[in-house]
Amino acid sequence: MLQLPFIKENKDLVIARLAKKNIDATAMINDVISFDEDRKRIQTNLDNTLAESNALSKEIGNLYKSGEAQKANLLKEKTSQLKELSKELSETLTAKVEALKELLFKIPNVPHEIVPAGTTEADNEETFREGDIPKLYDGALPHWELAKKYDIIDFELGNKITGAGFPVYKGKGARLQRALIAYFLDKNIDTGYTEYQLPHLINEASGIGTGQLPDKEGQMYHVGEDNLYLIPTAEVPGTNIFRDVVLSESELPIAITGYTPCFRREAGSYGAHVRGLNRLHQFDKVEIIRVEHPRKSYDALVGMVDHVKGILQELKLPYKILRLCGGDTSFAAAITYDFEVFSTAQDRWLEVSSISNFETFQANRLKLRFKNAKGKNELAHTLNGSSLALPRVLAGILENYQTEEGIVIPEVLQPYTGFKIIN
RNA sequence: GGAGAAUUGGCAGAGUGGUCGAAUGCGGCAGUCUUGAAAACUGUUGAGGGUCACACCUCCGGGGGUUCGAAUCCCUCAUUCUCCGCCA
């Protein structure tokens, strides 16, 4: 949620920047400003009514004490009138505040100035590329064929137990999953992140805090009976640790990491591009989350990108980094860098990580603040990224590391898997 | 799931109908002392709205009610603790 004072002071800038996300926000921004003016007017009115009523109450108390009950009773009549008026006013006020809030919830974050304009992934800007694309033997297979050939992932079994998009990992496949999780966590911990084990279900307030609710309700699995949601990413429970929290400045920066399964309904997306591990309803991910001082968040973003680079370098996977264009940048993000690994057998790039700076957008919803040097509460910046999401990394490994003898395990993973080849 | 107790400022913790946005302690900030720091002492210190600044308004877990007036009484929900039940 954007900050109201920021919108008021930077109206034109906000509209211009949101145009990069292909949104004409003129009407919404004008409404926000006029709603707020209405709100202020009603509030003043209500405040004055309450002030009068408070003063009368005090007077009545004093009159009773001095034994002048008759005079007091006279005043009581007046307060009941004021009470009715204030009730009306406060109802009007609540309605206005709700309308304003609803509107603010609908306005996406303003993209950073270096975010390129654009509508589709074709407009994303490649900022870095590294790693050699391997030459595979004749008859190299896509990962879903490899999974079957070596019996390490069973998609049909998942269909039977749950449905499409819930694969079953078996034997060395399961062990490789566990190895990747442990390896990613260790890398993150070595860089200063503290490991957390987080709930896999979240309540409504948490969904609102990070922006999944109310807008993207349909993307999460919902447990109706208890009104809880299955997490679509560890970002949600991880960032909500800091909901309604006032930190001291010395506690910053905060860096946490956690492994969780992620659940996404991904309604309506079927076809060739979602085959195998490319898109799932349940997948594993190790997330990194940072809470930063506003002045330092962009340095932190660079640090996160470098960190993920280091992991992909160690895994020796060819990858590129994209600065997402406005149209591809998510609702809550001010800027996002995507990492894509080249999947040789599919001859396409697969997104394995997405690192974003949300600036104060989430913090404003969360009421995540810190006491600044002046002793005032100030919204912190939040950032997060995948470090890393498993399925597509796994797809990349299976496809790029395949040989006629079997799938060779990247060297850095071997201490974690306990084997060197899947055959 | 059943019974009882509790939920107050960054933290701990008083406060049972008006003088309470709220004692006290810790922490934070500023100062005195000190070469500097610590200790000690002094002052200051909740959040949001509103205002040029005041005034003023709201907030004592969430929501609702009683009352001229609620942190304080009532209802309800959530959470925590104790006891019982169930259980990996």
# chains A, B, ... in the order shown; residues from 1 in each chain; ligands from 1
>>> closest_atom_pairs(of="chain A", to="chain B", cutoff="8 Å", atoms="only C-alpha atoms (C1' of nucleotides)", output="Markdown table")
| residue | atom | partner | partner_atom | distance |
| --- | --- | --- | --- | --- |
| A:Thr44 | CA | B:G50 | C1' | 7.5 |
| A:Leu46 | CA | B:C57 | C1' | 8.0 |
| A:Asp47 | CA | B:C57 | C1' | 4.7 |
| A:Asn48 | CA | B:C56 | C1' | 7.2 |
| A:Leu50 | CA | B:C57 | C1' | 7.2 |
| A:Ala51 | CA | B:C56 | C1' | 6.8 |
| A:Asn54 | CA | B:G69 | C1' | 7.9 |
| A:Leu56 | CA | B:C68 | C1' | 7.6 |
| A:Ser57 | CA | B:C68 | C1' | 5.2 |
| A:Lys58 | CA | B:G18 | C1' | 6.9 |
| A:Ile60 | CA | B:C68 | C1' | 6.3 |
| A:Gly61 | CA | B:G18 | C1' | 6.3 |
| A:Leu75 | CA | B:C68 | C1' | 7.7 |
| A:Lys76 | CA | B:C68 | C1' | 5.1 |
| A:Thr79 | CA | B:C68 | C1' | 6.5 |
| A:Ser80 | CA | B:C68 | C1' | 8.0 |
| A:Val246 | CA | B:G10 | C1' | 7.1 |
| A:Leu247 | CA | B:G10 | C1' | 7.8 |
| A:Gly375 | CA | B:C29 | C1' | 7.5 |
>>> select_by_dssp(residues="segment 119-179 of chain A", states="strand (DSSP E or B)", output="PyMOL selection string")
chain A and resi 125-130+153-154+168-169
>>> write_last_selection(atoms="all heavy atoms", output="short mmCIF file (atom, residue, chain, number, x, y, z; two decimals), in the first residue's frame")
data_model
loop_
_atom_site.label_atom_id
_atom_site.label_comp_id
_atom_site.auth_asym_id
_atom_site.auth_seq_id
_atom_site.Cartn_x
_atom_site.Cartn_y
_atom_site.Cartn_z
N GLU A 125 14.68 -6.54 -19.39
CA GLU A 125 16.00 -6.08 -19.81
C GLU A 125 17.04 -7.04 -19.24
O GLU A 125 17.14 -7.19 -18.02
CB GLU A 125 16.17 -4.69 -19.18
CG GLU A 125 17.23 -3.83 -19.73
CD GLU A 125 17.19 -2.50 -19.00
OE1 GLU A 125 16.21 -1.73 -19.16
OE2 GLU A 125 18.12 -2.25 -18.22
N GLU A 126 17.80 -7.65 -20.12
CA GLU A 126 18.83 -8.56 -19.63
C GLU A 126 20.00 -7.74 -19.09
O GLU A 126 20.52 -6.87 -19.77
CB GLU A 126 19.30 -9.48 -20.76
CG GLU A 126 20.33 -10.49 -20.28
CD GLU A 126 20.69 -11.51 -21.37
OE1 GLU A 126 19.81 -11.86 -22.18
OE2 GLU A 126 21.85 -11.93 -21.39
N THR A 127 20.40 -8.03 -17.84
CA THR A 127 21.47 -7.23 -17.26
C THR A 127 22.75 -8.03 -17.08
O THR A 127 23.81 -7.46 -16.85
CB THR A 127 21.06 -6.69 -15.88
OG1 THR A 127 20.79 -7.78 -15.01
CG2 THR A 127 19.83 -5.80 -15.98
N PHE A 128 22.66 -9.35 -17.19
CA PHE A 128 23.84 -10.17 -16.93
C PHE A 128 23.59 -11.57 -17.47
O PHE A 128 22.47 -12.05 -17.48
CB PHE A 128 24.10 -10.24 -15.42
CG PHE A 128 25.42 -10.85 -15.05
CD1 PHE A 128 26.59 -10.10 -15.12
CD2 PHE A 128 25.51 -12.17 -14.64
CE1 PHE A 128 27.81 -10.65 -14.78
CE2 PHE A 128 26.72 -12.73 -14.28
CZ PHE A 128 27.88 -11.96 -14.36
N ARG A 129 24.69 -12.20 -17.93
CA ARG A 129 24.56 -13.59 -18.42
C ARG A 129 25.88 -14.29 -18.16
O ARG A 129 26.95 -13.69 -18.32
CB ARG A 129 24.26 -13.56 -19.91
CG ARG A 129 23.98 -14.94 -20.50
CD ARG A 129 23.85 -14.84 -22.02
NE ARG A 129 22.56 -14.29 -22.41
CZ ARG A 129 21.74 -14.89 -23.27
NH1 ARG A 129 22.06 -16.05 -23.83
NH2 ARG A 129 20.60 -14.33 -23.60
N GLU A 130 25.81 -15.53 -17.76
CA GLU A 130 27.03 -16.23 -17.41
C GLU A 130 26.83 -17.74 -17.55
O GLU A 130 25.71 -18.23 -17.38
CB GLU A 130 27.41 -15.90 -15.96
CG GLU A 130 28.78 -16.38 -15.55
CD GLU A 130 29.13 -15.94 -14.13
OE1 GLU A 130 28.20 -15.65 -13.34
OE2 GLU A 130 30.31 -15.90 -13.81
N ILE A 153 11.10 -39.17 -10.36
CA ILE A 153 9.91 -38.35 -10.09
C ILE A 153 8.73 -39.03 -10.77
O ILE A 153 8.81 -39.41 -11.93
CB ILE A 153 10.02 -36.92 -10.67
CG1 ILE A 153 11.33 -36.25 -10.22
CG2 ILE A 153 8.83 -36.07 -10.23
CD1 ILE A 153 11.59 -34.93 -10.91
N ASP A 154 7.63 -39.20 -10.01
CA ASP A 154 6.47 -39.88 -10.55
C ASP A 154 5.29 -38.91 -10.60
O ASP A 154 4.68 -38.60 -9.59
CB ASP A 154 6.13 -41.09 -9.67
CG ASP A 154 5.18 -42.06 -10.39
OD1 ASP A 154 4.35 -41.55 -11.19
OD2 ASP A 154 5.28 -43.26 -10.15
N VAL A 168 5.45 -36.79 -7.13
CA VAL A 168 6.04 -37.60 -6.06
C VAL A 168 7.50 -37.83 -6.42
O VAL A 168 7.81 -38.30 -7.52
CB VAL A 168 5.31 -38.96 -5.95
CG1 VAL A 168 6.01 -39.84 -4.90
CG2 VAL A 168 3.85 -38.74 -5.58
N TYR A 169 8.39 -37.44 -5.51
CA TYR A 169 9.83 -37.65 -5.73
C TYR A 169 10.22 -38.96 -5.07
O TYR A 169 9.81 -39.23 -3.94
CB TYR A 169 10.64 -36.50 -5.13
CG TYR A 169 10.26 -35.14 -5.70
CD1 TYR A 169 9.23 -34.39 -5.14
CD2 TYR A 169 10.94 -34.62 -6.79
CE1 TYR A 169 8.88 -33.16 -5.66
CE2 TYR A 169 10.60 -33.38 -7.33
CZ TYR A 169 9.56 -32.65 -6.76
OH TYR A 169 9.22 -31.44 -7.28
#
>>> select_by_dssp(residues="segment 61-177 of chain A", states="helix (DSSP H, G or I)", output="JSON, numbers by chain")
{"A": [61, 62, 63, 64, 65, 69, 70, 71, 72, 73, 74, 75, 76, 77, 78, 79, 80, 81, 82, 83, 84, 85, 86, 87, 88, 89, 90, 91, 92, 93, 94, 95, 96, 97, 98, 99, 100, 101, 102, 103, 104, 105, 106, 121, 122, 123, 143, 144, 145, 146, 147, 148, 149, 155, 156, 157, 158, 159, 160, 161, 172, 173, 174, 175, 176, 177]}
>>> residues_around(residues="Ser356 of chain A", least_positions_apart="2", cutoff="7 Å", atoms="only C-alpha atoms (C1' of nucleotides)", output="PyMOL selection string")
chain A and resi 333+335-337+354+358+383-385
>>> write_last_selection(atoms="N, CA, C and O atoms", output="CSV table (one decimal), in the first residue's frame")
chain,number,residue,atom,x,y,z
A,333,ALA,N,5.8,-5.0,-5.9
A,333,ALA,CA,7.3,-4.7,-6.0
A,333,ALA,C,7.6,-3.4,-6.7
A,333,ALA,O,6.8,-2.9,-7.6
A,335,ILE,N,10.8,-3.0,-7.8
A,335,ILE,CA,11.7,-3.5,-8.8
A,335,ILE,C,12.0,-5.0,-8.6
A,335,ILE,O,12.0,-5.4,-7.4
A,336,THR,N,12.1,-5.7,-9.7
A,336,THR,CA,12.3,-7.2,-9.5
A,336,THR,C,13.4,-7.6,-10.5
A,336,THR,O,13.4,-7.2,-11.7
A,337,TYR,N,14.3,-8.4,-10.0
A,337,TYR,CA,15.3,-9.1,-10.9
A,337,TYR,C,14.9,-10.6,-10.9
A,337,TYR,O,14.8,-11.2,-9.9
A,354,SER,N,13.5,-14.9,-8.1
A,354,SER,CA,12.9,-13.6,-8.4
A,354,SER,C,13.2,-12.8,-7.1
A,354,SER,O,12.8,-13.2,-6.0
A,358,PHE,N,10.5,-4.1,-2.1
A,358,PHE,CA,9.1,-3.7,-2.0
A,358,PHE,C,9.1,-2.3,-1.4
A,358,PHE,O,8.0,-1.7,-1.3
A,383,LEU,N,12.5,-6.7,1.5
A,383,LEU,CA,12.9,-7.3,0.3
A,383,LEU,C,12.8,-8.8,0.4
A,383,LEU,O,12.9,-9.3,1.5
A,384,ASN,N,12.6,-9.5,-0.7
A,384,ASN,CA,12.7,-10.9,-0.6
A,384,ASN,C,13.1,-11.5,-1.9
A,384,ASN,O,13.0,-10.8,-3.0
A,385,GLY,N,13.5,-12.8,-1.9
A,385,GLY,CA,13.9,-13.5,-3.1
A,385,GLY,C,14.0,-14.9,-2.9
A,385,GLY,O,14.1,-15.4,-1.8
>>> residues_around(residues="segment 138-146 of chain A", least_positions_apart="5", cutoff="7 Å", atoms="only C-alpha atoms (C1' of nucleotides)", output="PyMOL selection string")
chain A and resi 276+345-346+395+398-399
